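> The structure file data-v4.txt (compact mmCIF, C-alpha atoms and all ligand atoms) is provided below.
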```
# COMPACT_ATOMS: atom_id res chain seq x y z
CA MET D 1109 0.00 0.00 0.00
CA ASN D 1110 1.51 3.36 -0.95
CA ALA D 1111 0.75 6.77 0.61
CA ILE D 1112 -2.09 7.46 -1.83
CA GLN D 1113 -3.76 4.10 -1.29
CA PHE D 1114 -3.35 4.43 2.45
CA SER D 1115 -4.91 7.92 2.40
CA ARG D 1116 -7.81 6.55 0.38
CA LEU D 1117 -8.21 3.70 2.91
CA ILE D 1118 -8.35 6.17 5.79
CA TRP D 1119 -10.83 8.26 3.85
CA GLU D 1120 -12.98 5.20 3.14
CA LEU D 1121 -12.95 4.24 6.81
CA TYR D 1122 -13.46 7.63 8.43
CA GLY D 1123 -13.97 10.35 5.89
CA ALA D 1124 -16.54 9.48 3.28
CA ARG D 1125 -19.54 10.95 5.04
CA GLY D 1126 -22.95 10.02 3.75
CA ARG D 1127 -21.66 6.88 2.13
CA LEU D 1128 -20.35 3.65 3.56
CA PRO D 1129 -16.82 2.32 2.91
CA ASP D 1130 -16.33 0.66 -0.47
CA LEU D 1131 -15.62 -2.93 0.60
CA ASP D 1132 -14.74 -4.10 -2.93
CA TRP D 1133 -12.03 -1.47 -3.12
CA ILE D 1134 -10.69 -2.39 0.34
CA GLU D 1135 -10.54 -6.07 -0.59
CA LYS D 1136 -8.66 -5.32 -3.77
CA GLN D 1137 -5.88 -3.67 -1.74
CA GLY D 1138 -4.98 -7.01 -0.17
CA LEU D 1139 -4.75 -8.63 3.23
CA LEU D 1140 -3.33 -5.68 5.16
CA ALA D 1141 -6.15 -3.36 4.06
CA ILE D 1142 -8.73 -6.06 4.88
CA LYS D 1143 -7.23 -6.53 8.33
CA ILE D 1144 -7.23 -2.76 8.98
CA GLY D 1145 -10.85 -2.64 7.83
CA GLN D 1146 -11.80 -5.57 10.07
CA MET D 1147 -10.13 -3.92 13.01
CA HIS D 1148 -12.19 -0.79 12.45
CA ALA D 1149 -15.36 -2.87 12.40
CA LEU D 1150 -14.87 -3.17 16.15
CA ARG D 1151 -14.19 0.48 16.79
CA ILE D 1152 -17.65 1.53 17.88
CA ASP D 1153 -15.81 4.01 20.10
CA PHE D 1154 -15.14 6.32 17.18
CA LEU D 1155 -17.09 5.05 14.20
CA ASP D 1156 -20.85 5.00 14.11
CA ARG D 1157 -22.75 1.77 14.46
CA GLU D 1158 -23.92 1.51 10.87
CA ARG D 1159 -20.37 1.93 9.59
CA CYS D 1160 -19.11 -0.76 11.98
CA MET D 1161 -21.85 -3.19 10.96
CA HIS D 1162 -20.97 -2.56 7.32
CA LEU D 1163 -17.25 -3.15 7.95
CA CYS D 1164 -18.12 -6.37 9.80
CA ARG D 1165 -18.92 -7.82 6.38
CA LEU D 1166 -15.19 -7.88 5.74
CA TYR D 1167 -15.11 -10.83 8.11
CA ARG D 1168 -17.56 -12.76 5.95
CA ARG D 1169 -17.20 -11.74 2.31
CA ASN D 1170 -14.20 -13.78 1.48
CA LYS D 1171 -13.32 -15.43 -1.75
CA ILE D 1172 -14.22 -19.08 -1.35
CA LEU D 1173 -11.97 -21.64 -2.93
CA ASP D 1174 -14.06 -24.18 -4.82
CA SER D 1175 -13.96 -27.61 -3.26
CA GLY D 1176 -11.79 -29.15 -5.98
CA ARG D 1177 -9.14 -26.52 -5.50
CA PHE D 1178 -9.39 -26.76 -1.72
CA GLU D 1179 -8.85 -30.51 -1.85
CA ARG D 1180 -5.91 -30.18 -4.24
CA LEU D 1181 -4.21 -27.58 -2.06
CA VAL D 1182 -4.75 -29.70 1.06
CA LEU D 1183 -3.32 -32.80 -0.59
CA ASP D 1184 -0.36 -30.83 -1.98
CA ALA D 1185 0.42 -29.44 1.45
CA LEU D 1186 0.29 -32.80 3.21
CA ALA D 1187 3.14 -35.28 3.39
CA PRO D 1188 2.67 -38.05 0.75
CA ASP D 1189 1.89 -40.72 3.36
CA SER D 1190 -0.90 -38.58 4.88
CA ARG D 1191 -2.77 -38.01 1.66
CA ASP D 1192 -4.85 -41.17 1.97
CA ALA D 1193 -5.98 -40.34 5.49
CA PHE D 1194 -9.39 -38.97 4.48
CA ASP D 1195 -12.49 -40.93 3.66
CA SER D 1196 -14.33 -37.84 2.45
CA ILE D 1197 -14.10 -34.06 2.40
CA GLU D 1198 -17.32 -32.03 2.32
CA SER D 1199 -17.63 -29.77 -0.66
CA ILE D 1200 -19.27 -26.83 1.10
CA PRO D 1201 -16.96 -25.02 3.52
CA LEU D 1202 -17.91 -24.46 7.14
CA ALA D 1203 -16.20 -21.10 6.94
CA SER D 1204 -13.95 -19.07 4.71
CA ALA D 1205 -12.06 -16.16 6.21
CA SER D 1206 -9.47 -13.78 4.80
CA ILE D 1207 -6.72 -16.26 5.56
CA GLY D 1208 -8.16 -19.72 6.09
CA GLN D 1209 -10.89 -21.96 4.78
CA VAL D 1210 -12.43 -24.74 6.87
CA HIS D 1211 -14.21 -27.87 5.62
CA ARG D 1212 -15.71 -30.82 7.42
CA ALA D 1213 -14.22 -34.19 6.56
CA ALA D 1214 -14.03 -37.77 7.80
CA LEU D 1215 -10.96 -39.89 8.40
CA LEU D 1216 -10.76 -43.48 7.15
CA ASP D 1217 -11.91 -44.80 10.52
CA GLY D 1218 -14.98 -42.55 10.29
CA SER D 1219 -13.82 -39.91 12.82
CA PRO D 1220 -15.41 -36.57 11.99
CA VAL D 1221 -12.79 -33.86 11.57
CA VAL D 1222 -12.34 -30.37 10.18
CA ILE D 1223 -9.56 -29.40 7.80
CA LYS D 1224 -8.31 -25.84 7.89
CA LEU D 1225 -6.16 -24.53 5.09
CA VAL D 1226 -4.21 -21.29 4.71
CA LYS D 1227 -5.58 -20.25 1.34
CA ARG D 1228 -2.55 -18.74 -0.27
CA ASN D 1229 0.98 -18.00 0.59
CA VAL D 1230 0.50 -14.37 1.45
CA THR D 1231 3.08 -14.24 4.23
CA VAL D 1232 5.95 -12.59 2.37
CA ASN D 1233 3.74 -10.06 0.66
CA PHE D 1234 1.96 -9.18 3.90
CA ALA D 1235 5.25 -8.65 5.76
CA ARG D 1236 6.46 -6.35 2.98
CA GLU D 1237 3.23 -4.32 3.01
CA VAL D 1238 3.43 -3.89 6.79
CA GLN D 1239 7.02 -2.73 6.49
CA LYS D 1240 6.07 -0.11 3.90
CA LEU D 1241 3.16 1.15 5.94
CA ARG D 1242 5.22 1.28 9.12
CA ARG D 1243 7.74 3.55 7.39
CA LEU D 1244 4.95 5.80 6.21
CA LEU D 1245 3.33 5.96 9.64
CA LYS D 1246 6.63 6.82 11.29
CA VAL D 1247 6.99 9.82 8.99
CA VAL D 1248 3.40 10.88 9.61
CA THR D 1249 3.66 10.56 13.40
CA ARG D 1250 6.91 12.50 13.33
CA LEU D 1251 5.11 15.30 11.52
CA TYR D 1252 2.03 15.07 13.78
CA PRO D 1253 3.18 13.82 17.21
CA ALA D 1254 -0.34 14.35 18.54
CA LEU D 1255 -1.43 11.36 16.47
CA LYS D 1256 0.91 9.11 18.40
CA ARG D 1257 -0.45 10.32 21.69
CA ALA D 1258 -4.05 9.94 20.60
CA GLY D 1259 -3.94 6.50 19.04
CA ASP D 1260 -0.39 5.23 18.54
CA PRO D 1261 -0.92 4.00 14.95
CA VAL D 1262 2.53 2.38 14.77
CA GLY D 1263 1.75 0.40 17.94
CA ILE D 1264 -1.57 -0.70 16.47
CA LEU D 1265 0.15 -1.77 13.25
CA ASP D 1266 2.77 -3.74 15.20
CA ASP D 1267 -0.02 -5.50 17.07
CA LEU D 1268 -1.86 -6.26 13.82
CA GLU D 1269 1.33 -7.66 12.31
CA THR D 1270 2.15 -9.96 15.24
CA PHE D 1271 -1.41 -11.16 15.30
CA THR D 1272 -1.74 -11.83 11.55
CA MET D 1273 1.71 -13.41 11.11
CA SER D 1274 0.79 -15.74 13.91
CA GLU D 1275 -2.45 -16.72 12.13
CA LEU D 1276 -0.61 -17.40 8.88
CA ASP D 1277 1.22 -20.38 10.37
CA LEU D 1278 -1.26 -22.99 11.58
CA ARG D 1279 1.29 -24.69 13.80
CA HIS D 1280 0.72 -21.79 16.18
CA GLU D 1281 -2.83 -23.03 16.79
CA LEU D 1282 -1.64 -26.25 18.36
CA GLN D 1283 1.05 -24.43 20.32
CA GLY D 1284 -1.54 -21.91 21.49
CA GLN D 1285 -3.98 -24.49 22.73
CA GLN D 1286 -1.14 -26.34 24.47
CA VAL D 1287 -0.23 -23.18 26.37
CA LEU D 1288 -3.83 -22.61 27.45
CA LYS D 1289 -4.37 -26.28 28.32
CA GLU D 1290 -1.28 -26.32 30.47
CA ILE D 1291 -2.58 -23.32 32.42
CA GLN D 1292 -5.89 -25.11 32.84
CA ARG D 1293 -4.17 -28.28 34.03
CA ALA D 1294 -1.89 -26.43 36.45
CA GLN D 1295 -4.85 -24.60 37.93
CA GLY D 1296 -6.33 -27.87 39.18
CA LYS D 1297 -9.30 -27.28 41.42
CA ARG D 1298 -8.43 -23.77 42.60
CA PHE D 1299 -10.55 -22.14 39.92
CA ASP D 1300 -13.10 -24.34 38.19
CA LEU D 1301 -12.23 -24.46 34.50
CA THR D 1302 -13.88 -27.80 33.75
CA SER D 1303 -16.40 -26.31 31.33
CA LEU D 1304 -13.57 -25.39 28.95
CA ARG D 1305 -11.99 -27.60 26.32
CA PHE D 1306 -9.99 -27.46 23.11
CA PRO D 1307 -10.38 -29.68 20.05
CA ARG D 1308 -7.95 -32.55 19.56
CA VAL D 1309 -5.49 -31.70 16.79
CA TYR D 1310 -4.19 -34.49 14.58
CA SER D 1311 -0.63 -33.23 14.57
CA GLU D 1312 0.58 -36.02 12.28
CA LEU D 1313 -1.79 -34.63 9.62
CA SER D 1314 -1.00 -30.97 10.25
CA ASN D 1315 1.68 -28.48 9.29
CA ALA D 1316 2.08 -24.72 8.71
CA SER D 1317 -0.62 -24.54 6.05
CA VAL D 1318 -3.01 -27.39 6.90
CA MET D 1319 -4.49 -28.37 10.24
CA VAL D 1320 -6.75 -31.32 10.90
CA SER D 1321 -8.67 -31.37 14.14
CA GLU D 1322 -11.60 -33.12 15.75
CA TYR D 1323 -15.00 -31.86 14.58
CA VAL D 1324 -16.73 -30.26 17.56
CA GLU D 1325 -20.50 -30.66 17.71
CA GLY D 1326 -22.46 -27.65 18.83
CA GLU D 1327 -22.92 -24.07 17.70
CA THR D 1328 -20.68 -21.06 17.79
CA VAL D 1329 -21.55 -18.21 20.14
CA ASP D 1330 -22.03 -16.13 17.01
CA GLU D 1331 -24.72 -18.49 15.69
CA LEU D 1332 -26.41 -18.61 19.09
CA LEU D 1333 -26.39 -14.83 19.43
CA GLU D 1334 -27.70 -14.42 15.89
CA SER D 1335 -30.78 -16.50 16.72
CA ASN D 1336 -31.22 -15.18 20.28
CA ARG D 1337 -30.55 -18.54 21.84
CA LEU D 1338 -27.70 -17.65 24.15
CA GLU D 1339 -28.65 -17.00 27.75
CA TYR D 1340 -26.99 -14.07 29.44
CA ASP D 1341 -25.88 -16.33 32.32
CA GLN D 1342 -24.11 -18.58 29.83
CA LEU D 1343 -22.30 -15.58 28.42
CA LEU D 1344 -21.23 -14.57 31.92
CA ASP D 1345 -19.82 -18.06 32.37
CA LEU D 1346 -17.73 -17.62 29.23
CA PHE D 1347 -16.50 -14.24 30.51
CA ARG D 1348 -15.61 -15.86 33.79
CA LEU D 1349 -13.39 -18.39 31.97
CA HIS D 1350 -11.80 -15.86 29.67
CA GLY D 1351 -11.47 -13.36 32.53
CA PHE D 1352 -9.51 -15.93 34.50
CA PHE D 1353 -6.90 -16.20 31.72
CA LEU D 1354 -6.86 -12.44 31.16
CA PHE D 1355 -6.66 -11.19 34.71
CA CYS D 1356 -5.43 -14.07 36.86
CA VAL D 1357 -2.79 -15.39 34.44
CA GLY D 1358 -2.13 -12.70 31.83
CA THR D 1359 -1.93 -15.34 29.06
CA PHE D 1360 -5.12 -15.72 27.08
CA HIS D 1361 -6.86 -16.64 23.81
CA GLY D 1362 -5.90 -13.59 21.77
CA ASP D 1363 -8.87 -13.60 19.39
CA LEU D 1364 -11.88 -14.72 21.37
CA HIS D 1365 -14.60 -13.40 19.10
CA PRO D 1366 -17.99 -15.13 19.03
CA GLY D 1367 -17.06 -17.24 15.96
CA ASN D 1368 -14.19 -18.83 17.84
CA VAL D 1369 -16.14 -20.42 20.68
CA ILE D 1370 -18.44 -23.40 20.28
CA LEU D 1371 -21.01 -24.26 22.95
CA ARG D 1372 -22.55 -27.62 23.55
CA ASN D 1373 -24.20 -28.89 26.73
CA ASN D 1374 -22.66 -26.06 28.76
CA GLN D 1375 -19.18 -26.98 27.52
CA TRP D 1376 -17.16 -24.28 25.79
CA THR D 1377 -14.68 -25.24 23.10
CA MET D 1378 -12.23 -22.56 22.06
CA VAL D 1379 -10.96 -22.86 18.48
CA ASP D 1380 -8.60 -20.70 16.42
CA THR D 1381 -5.92 -20.43 19.10
CA GLY D 1382 -3.25 -19.16 16.70
CA PHE D 1383 -2.59 -16.06 18.71
CA VAL D 1384 -2.14 -16.17 22.45
CA GLY D 1385 -2.10 -12.76 24.10
CA LYS D 1386 0.36 -12.05 26.88
CA VAL D 1387 0.58 -9.10 29.22
CA SER D 1388 2.94 -8.20 32.02
CA GLU D 1389 2.03 -8.54 35.66
CA ARG D 1390 1.82 -4.78 35.98
CA LEU D 1391 -0.76 -4.53 33.23
CA ARG D 1392 -2.73 -7.59 34.25
CA LEU D 1393 -3.06 -6.56 37.89
CA GLY D 1394 -3.71 -2.96 36.95
CA LEU D 1395 -6.57 -4.07 34.72
CA PHE D 1396 -7.97 -6.40 37.32
CA TYR D 1397 -7.98 -3.76 40.03
CA PHE D 1398 -9.31 -1.23 37.56
CA PHE D 1399 -12.33 -3.45 36.86
CA LYS D 1400 -12.69 -4.33 40.51
CA ALA D 1401 -12.91 -0.61 41.32
CA LEU D 1402 -15.20 -0.01 38.35
CA SER D 1403 -17.58 -2.76 39.45
CA GLN D 1404 -17.87 -0.93 42.78
CA TYR D 1405 -18.15 2.45 41.06
CA ASP D 1406 -15.10 3.62 42.99
CA TYR D 1407 -13.69 6.02 40.37
CA PRO D 1408 -10.72 7.43 42.34
CA ALA D 1409 -9.54 3.82 42.72
CA CYS D 1410 -10.03 3.36 38.95
CA ALA D 1411 -7.73 6.34 38.40
CA ARG D 1412 -5.09 4.86 40.69
CA ALA D 1413 -5.28 1.46 38.98
CA LEU D 1414 -4.89 3.02 35.54
CA HIS D 1415 -1.85 4.93 36.76
CA GLN D 1416 -0.44 1.68 38.10
CA MET D 1417 -0.81 0.09 34.67
CA SER D 1418 1.27 2.80 33.04
CA ASP D 1419 4.98 2.17 32.43
CA VAL D 1420 5.72 5.74 33.48
CA GLN D 1421 4.69 7.57 36.59
CA ILE D 1422 3.16 10.99 36.04
CA LYS D 1423 3.78 14.09 38.14
CA HIS D 1424 1.66 14.89 41.14
CA ASN D 1425 -0.05 17.90 39.57
CA ASP D 1426 -0.71 16.06 36.32
CA TYR D 1427 -2.23 13.24 38.34
CA ALA D 1428 -4.64 15.57 40.14
CA GLU D 1429 -5.82 16.96 36.81
CA PHE D 1430 -6.05 13.46 35.32
CA GLU D 1431 -8.16 12.25 38.24
CA ARG D 1432 -10.49 15.21 37.95
CA ARG D 1433 -11.00 14.55 34.24
CA LEU D 1434 -11.56 10.86 34.88
CA LEU D 1435 -14.24 11.62 37.46
CA ASP D 1436 -15.90 13.80 34.81
CA LEU D 1437 -15.72 11.00 32.29
CA TYR D 1438 -17.44 8.64 34.73
CA ALA D 1439 -19.93 11.17 36.08
CA ASP D 1440 -22.85 9.30 34.48
CA PHE D 1441 -21.48 5.79 34.52
CA THR D 1442 -23.03 4.31 37.65
CA ASP D 1443 -25.71 1.69 36.94
CA ARG D 1444 -25.76 2.41 33.20
CA THR D 1445 -26.57 -0.47 30.86
CA VAL D 1446 -24.18 -1.60 28.13
CA SER D 1447 -26.37 -0.01 25.49
CA GLU D 1448 -26.56 3.32 27.33
CA ILE D 1449 -22.79 3.60 27.68
CA SER D 1450 -20.52 1.59 25.41
CA LEU D 1451 -17.88 -0.04 27.60
CA THR D 1452 -15.53 -0.11 24.63
CA ARG D 1453 -15.91 3.60 24.08
CA GLN D 1454 -15.56 4.28 27.81
CA MET D 1455 -12.42 2.14 28.02
CA MET D 1456 -10.84 3.79 24.98
CA SER D 1457 -11.60 7.25 26.35
CA THR D 1458 -10.10 6.26 29.70
CA ILE D 1459 -6.87 5.05 28.10
CA LYS D 1460 -6.68 8.10 25.87
CA LEU D 1461 -7.11 10.28 28.94
CA GLY D 1462 -4.21 8.54 30.67
CA VAL D 1463 -2.01 8.88 27.58
CA HIS D 1464 -2.98 12.52 27.26
CA HIS D 1465 -1.71 13.10 30.81
CA GLY D 1466 1.64 11.44 30.09
CA MET D 1467 0.96 7.78 30.84
CA HIS D 1468 2.28 5.04 28.58
CA PHE D 1469 0.98 1.50 28.28
CA GLU D 1470 2.78 -1.56 26.97
CA ARG D 1471 1.82 -2.87 23.56
CA GLY D 1472 0.07 -5.96 24.95
CA ILE D 1473 -2.78 -3.67 25.95
CA PHE D 1474 -4.14 -3.82 22.39
CA SER D 1475 -4.92 -7.52 22.58
CA VAL D 1476 -6.70 -6.95 25.90
CA ILE D 1477 -8.70 -4.13 24.38
CA ARG D 1478 -9.64 -6.38 21.48
CA SER D 1479 -10.90 -8.98 23.97
CA LEU D 1480 -12.89 -6.39 25.88
CA MET D 1481 -14.43 -5.09 22.65
CA TYR D 1482 -15.55 -8.59 21.70
CA MET D 1483 -17.09 -9.08 25.13
CA ASP D 1484 -18.84 -5.73 25.00
CA GLY D 1485 -20.18 -6.62 21.53
CA MET D 1486 -21.48 -9.99 22.75
CA VAL D 1487 -23.34 -8.48 25.70
CA LEU D 1488 -24.84 -5.84 23.44
CA ARG D 1489 -26.26 -8.59 21.26
CA CYS D 1490 -27.29 -10.88 24.10
CA GLN D 1491 -28.66 -8.58 26.77
CA PRO D 1492 -28.50 -4.89 25.80
CA ASN D 1493 -30.00 -3.76 29.10
CA ALA D 1494 -27.41 -5.54 31.23
CA VAL D 1495 -25.37 -3.62 33.76
CA LEU D 1496 -22.28 -5.68 33.06
CA MET D 1497 -19.99 -4.15 35.64
CA LYS D 1498 -22.39 -5.01 38.41
CA ASP D 1499 -22.88 -8.51 37.05
CA MET D 1500 -19.14 -9.11 37.07
CA ARG D 1501 -18.93 -8.71 40.86
CA PRO D 1502 -19.20 -12.43 41.70
CA PHE D 1503 -16.42 -13.24 39.23
CA ILE D 1504 -14.21 -10.54 40.72
CA GLN D 1505 -14.74 -11.96 44.20
CA GLU D 1506 -13.96 -15.46 42.96
CA ALA D 1507 -10.83 -14.28 41.13
CA LEU D 1508 -9.62 -12.44 44.24
CA GLY D 1509 -9.53 -15.82 45.94
CA VAL D 1510 -7.02 -17.23 43.46
CA LEU D 1511 -5.05 -14.11 42.66
CA PRO D 1512 -1.72 -14.88 44.25
CA ASP D 1513 -0.56 -11.33 43.80
CA GLY D 1514 -2.34 -9.21 46.37
CA LYS D 1515 1.05 -8.51 47.81
CA SER D 1516 2.79 -7.60 44.56
CA TRP D 1517 -0.11 -5.27 43.80
CA SER D 1518 0.27 -3.45 47.09
CA ASP D 1519 4.04 -3.22 46.41
CA LEU D 1520 3.32 -1.69 43.02
CA GLU D 1521 0.85 0.70 44.59
CA ARG D 1522 3.30 1.77 47.25
CA GLN D 1523 5.94 2.57 44.62
CA ARG D 1524 3.55 4.95 42.92
CA ARG D 1525 2.51 6.89 45.96
N1 LIG W 1 -12.96 -28.16 15.38
C1 LIG W 1 -14.06 -27.57 14.88
N2 LIG W 1 -15.26 -28.16 14.99
C2 LIG W 1 -16.38 -27.58 14.48
N3 LIG W 1 -16.39 -26.40 13.86
C3 LIG W 1 -15.22 -25.74 13.72
C4 LIG W 1 -14.00 -26.28 14.23
N4 LIG W 1 -13.01 -25.43 13.95
C5 LIG W 1 -13.57 -24.40 13.30
N5 LIG W 1 -14.90 -24.58 13.15
C6 LIG W 1 -15.85 -23.68 12.48
O1 LIG W 1 -15.18 -23.03 11.43
C7 LIG W 1 -15.13 -21.62 11.67
C8 LIG W 1 -13.78 -21.07 11.25
O2 LIG W 1 -12.74 -21.74 11.94
P1 LIG W 1 -11.53 -20.97 12.60
O3 LIG W 1 -10.58 -21.97 13.13
O4 LIG W 1 -12.06 -19.97 13.55
O5 LIG W 1 -10.88 -20.30 11.32
P2 LIG W 1 -10.63 -18.78 10.92
O6 LIG W 1 -9.20 -18.54 11.23
O7 LIG W 1 -10.90 -18.79 9.47
O8 LIG W 1 -11.55 -17.91 11.70
C9 LIG W 1 -15.41 -21.45 13.14
O9 LIG W 1 -16.02 -20.20 13.38
C10 LIG W 1 -16.35 -22.62 13.43
O10 LIG W 1 -17.67 -22.27 13.00
MG MG W 2 -12.00 -17.92 13.67
```
Go ahead and render the structure in this file as structure tokens.
Ligand SMILES: Nc1ncnc2c1ncn2[C@@H]1O[C@H](COP(=O)(O)OP(=O)(O)O)[C@@H](O)[C@H]1O
Ligand SMILES: [Mg+2]


Amino acid sequence: MNAIQFSRLIWELYGARGRLPDLDWIEKQGLLAIKIGQMHALRIDFLDRERCMHLCRLYRRNKILDSGRFERLVLDALAPDSRDAFDSIESIPLASASIGQVHRAALLDGSPVVIKLVKRNVTVNFAREVQKLRRLLKVVTRLYPALKRAGDPVGILDDLETFTMSELDLRHELQGQQVLKEIQRAQGKRFDLTSLRFPRVYSELSNASVMVSEYVEGETVDELLESNRLEYDQLLDLFRLHGFFLFCVGTFHGDLHPGNVILRNNQWTMVDTGFVGKVSERLRLGLFYFFKALSQYDYPACARALHQMSDVQIKHNDYAEFERRLLDLYADFTDRTVSEISLTRQMMSTIKLGVHHGMHFERGIFSVIRSLMYMDGMVLRCQPNAVLMKDMRPFIQEALGVLPDGKSWSDLERQRR
């Protein structure tokens, strides 16, 4: 993407008032533009709802490989002795995304499986495009430093790159689920994670561009939300599980959108584990205590927790001003439903406020924000009149019981006083 194409992309996403972004044009610009568009589909904090819904189509409108071609590419990518492993491959895909395509299949012994294929070798091209755009953004942010403070576009691009490069190699999916499973195993009975599982991966039939895994019966959260069949309590249970990884461990499924979780008989199966998010202890605890304070509507404590999350300490006077502005931002927050105040928008404004007053947050914060946006989006679809912060109180109490870091948090707090 050159400077002109990038300007046009920005104009399509933000500028073209009165008309929605031209998705055909975005798709023609390649994977990076599609990924930037998809990322904006979640930004209900600064794009209007209709625009976001429109951009969401970028997740679905993907070129589908016909089944003959899919099968040929799968067989080409497999080792010769694995090519006879399948009894049948269904011709209609289960899903086709910008990178992968997934089909149901059966092994010779009848086991139902899914085959996921990376559609094309786009890795080299994508890396080159990111490099070009990074150079451009560095020039732009040097000319307009305010841009860096407001949104850190280079940081966002770095996050997008790590995330997409990880998706382009399917071996990361198995590694990702192994990391999460190990955390689950090590947790034992301290925090009940028994309702969570991951599909078995047939590693002998898998490599960087093909992955064969057990077919999981059930429906994705996306399908359940679409047809209004997901109970709010079930959603809270999913948040409890994901919240454990996010806040109690700091290592979590990095792309937990509603298409990546399958529910059956109150069992959650997480798929698409190609990107595992990781945050430092400072950030993880800061976030946890931020949400703890928020669930109690204790805004001065929210301000302190946000400051704790920052890599840099701000001056006393700046802090006083920051706290005052934060109290303003939350003046109407208490007992508001998720549809009255968007948690995503509130969170983004809070972080921007911190950055504006000199705070700086590590890059891992973007994958947490992505997770929070997905959760916010799911509640909006499931129970728009929920007061989520209040409903998270039992989880926060439960997590406090297993958080081994009460002490390190008070140490961190003391350093900042
Ligand atoms: N093991 C599985 N069992 C059943 N359905 C699956 C399985 N893996 C993926 N799917 C279905 O295929 C879709 C796409 O798979 P996913 O691994 O998320 O690929 P992508 O990277 O393209 O999003 C999922 O949303 C889900 O509906
Ligand atoms: Mg997926």

> Pick out the closest residue to ligand MG 2 (chain W) from this set: D:Lys1400, D:Arg1157, D:His1361, D:Arg1293. Count all atoms listed in the file.

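Under the stated criterion, the closest residue is D:His1361.
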
> Suppose you want the space between atom CA of Arg1390 of chain D and atom CA of Gly1472 of chain D; what is it in Å?

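Separation between atom CA of Arg1390 of chain D and atom CA of Gly1472 of chain D: 11.2 Å.
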
> Pick from D:Asp1363, D:Glu1179, D:Asp1341, D:Asp1266: nearest to ligand MG 2 (chain W), with only C-alpha atoms and all ligand atoms counted?

D:Asp1363

> As a PyMOL selection string, please: the residues near Glu1470 of chain D (cut-off 8 Å, only C-alpha atoms, same-chain neighbours under 4 positions excluded).

chain D and resi 1391+1418-1419

> Nearest residue to ligand MG 2 (chain W) out of D:Arg1168, D:Ile1197, D:Asn1336, D:Leu1354, using all atoms listed in the file?

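Looking only at the distances to ligand MG 2 (chain W), the closest residue turns out to be D:Arg1168.
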
> How big is the axis-aligned box around all listed atoms of segment 1210-1229 of chain D once 3 Å goes on each side, and where's its centre, in Å to one decimal, as JSON?


```
{"center_x": -7.4, "center_y": -31.4, "center_z": 6.3, "size_x": 22.7, "size_y": 32.8, "size_z": 19.1}
```

> Using only C-alpha atoms and all ligand atoms, which residue out of D:Phe1383, D:Arg1392, D:Gly1462, D:Thr1445 lies closest to ligand MG 2 (chain W)?

D:Phe1383

> Step by step: start from the point (-1.7, -5.8, 14.1) in the file's coordinates, keep every protein, DNA or RNA residue that has an atom no farther than 10 Å from it, count all atoms listed in the file, and write the set as a list of chain:residue names.

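Applying the cut-off with all atoms listed in the file, one gets D:Leu1140, D:Lys1143, D:Ile1144, D:Met1147, D:Val1238, D:Pro1261, D:Val1262, D:Gly1263, D:Ile1264, D:Leu1265, D:Asp1266, D:Asp1267, D:Leu1268, D:Glu1269, D:Thr1270, D:Phe1271, D:Thr1272, D:Met1273, D:Phe1474, D:Ser1475.
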
> Mind writing the picked residues with C-alpha atoms as a compact mmCIF listing (two decimals), in the coordinates of the input?


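Produced file selection.txt, reproduced below:
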```txt
# COMPACT_ATOMS: atom_id res chain seq x y z
CA LEU D 1140 -3.33 -5.68 5.16
CA LYS D 1143 -7.23 -6.53 8.33
CA ILE D 1144 -7.23 -2.76 8.98
CA MET D 1147 -10.13 -3.92 13.01
CA VAL D 1238 3.43 -3.89 6.79
CA PRO D 1261 -0.92 4.00 14.95
CA VAL D 1262 2.53 2.38 14.77
CA GLY D 1263 1.75 0.40 17.94
CA ILE D 1264 -1.57 -0.70 16.47
CA LEU D 1265 0.15 -1.77 13.25
CA ASP D 1266 2.77 -3.74 15.20
CA ASP D 1267 -0.02 -5.50 17.07
CA LEU D 1268 -1.86 -6.26 13.82
CA GLU D 1269 1.33 -7.66 12.31
CA THR D 1270 2.15 -9.96 15.24
CA PHE D 1271 -1.41 -11.16 15.30
CA THR D 1272 -1.74 -11.83 11.55
CA MET D 1273 1.71 -13.41 11.11
CA PHE D 1474 -4.14 -3.82 22.39
CA SER D 1475 -4.92 -7.52 22.58
```

> Between atom CA of Gly1145 of chain D and atom CA of Met1481 of chain D, what is the distance in Å, rounded to a tenth?

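Between atom CA of Gly1145 of chain D and atom CA of Met1481 of chain D the gap works out to 15.4 Å.
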
> Could you check the closest approach to Tyr1482 of chain D for each of D:Leu1150, D:Cys1356, D:Ala1193, D:Leu1344 and tell me which residue wins, using all atoms listed in the file?

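Closest residue, counting all atoms listed in the file: D:Leu1150.
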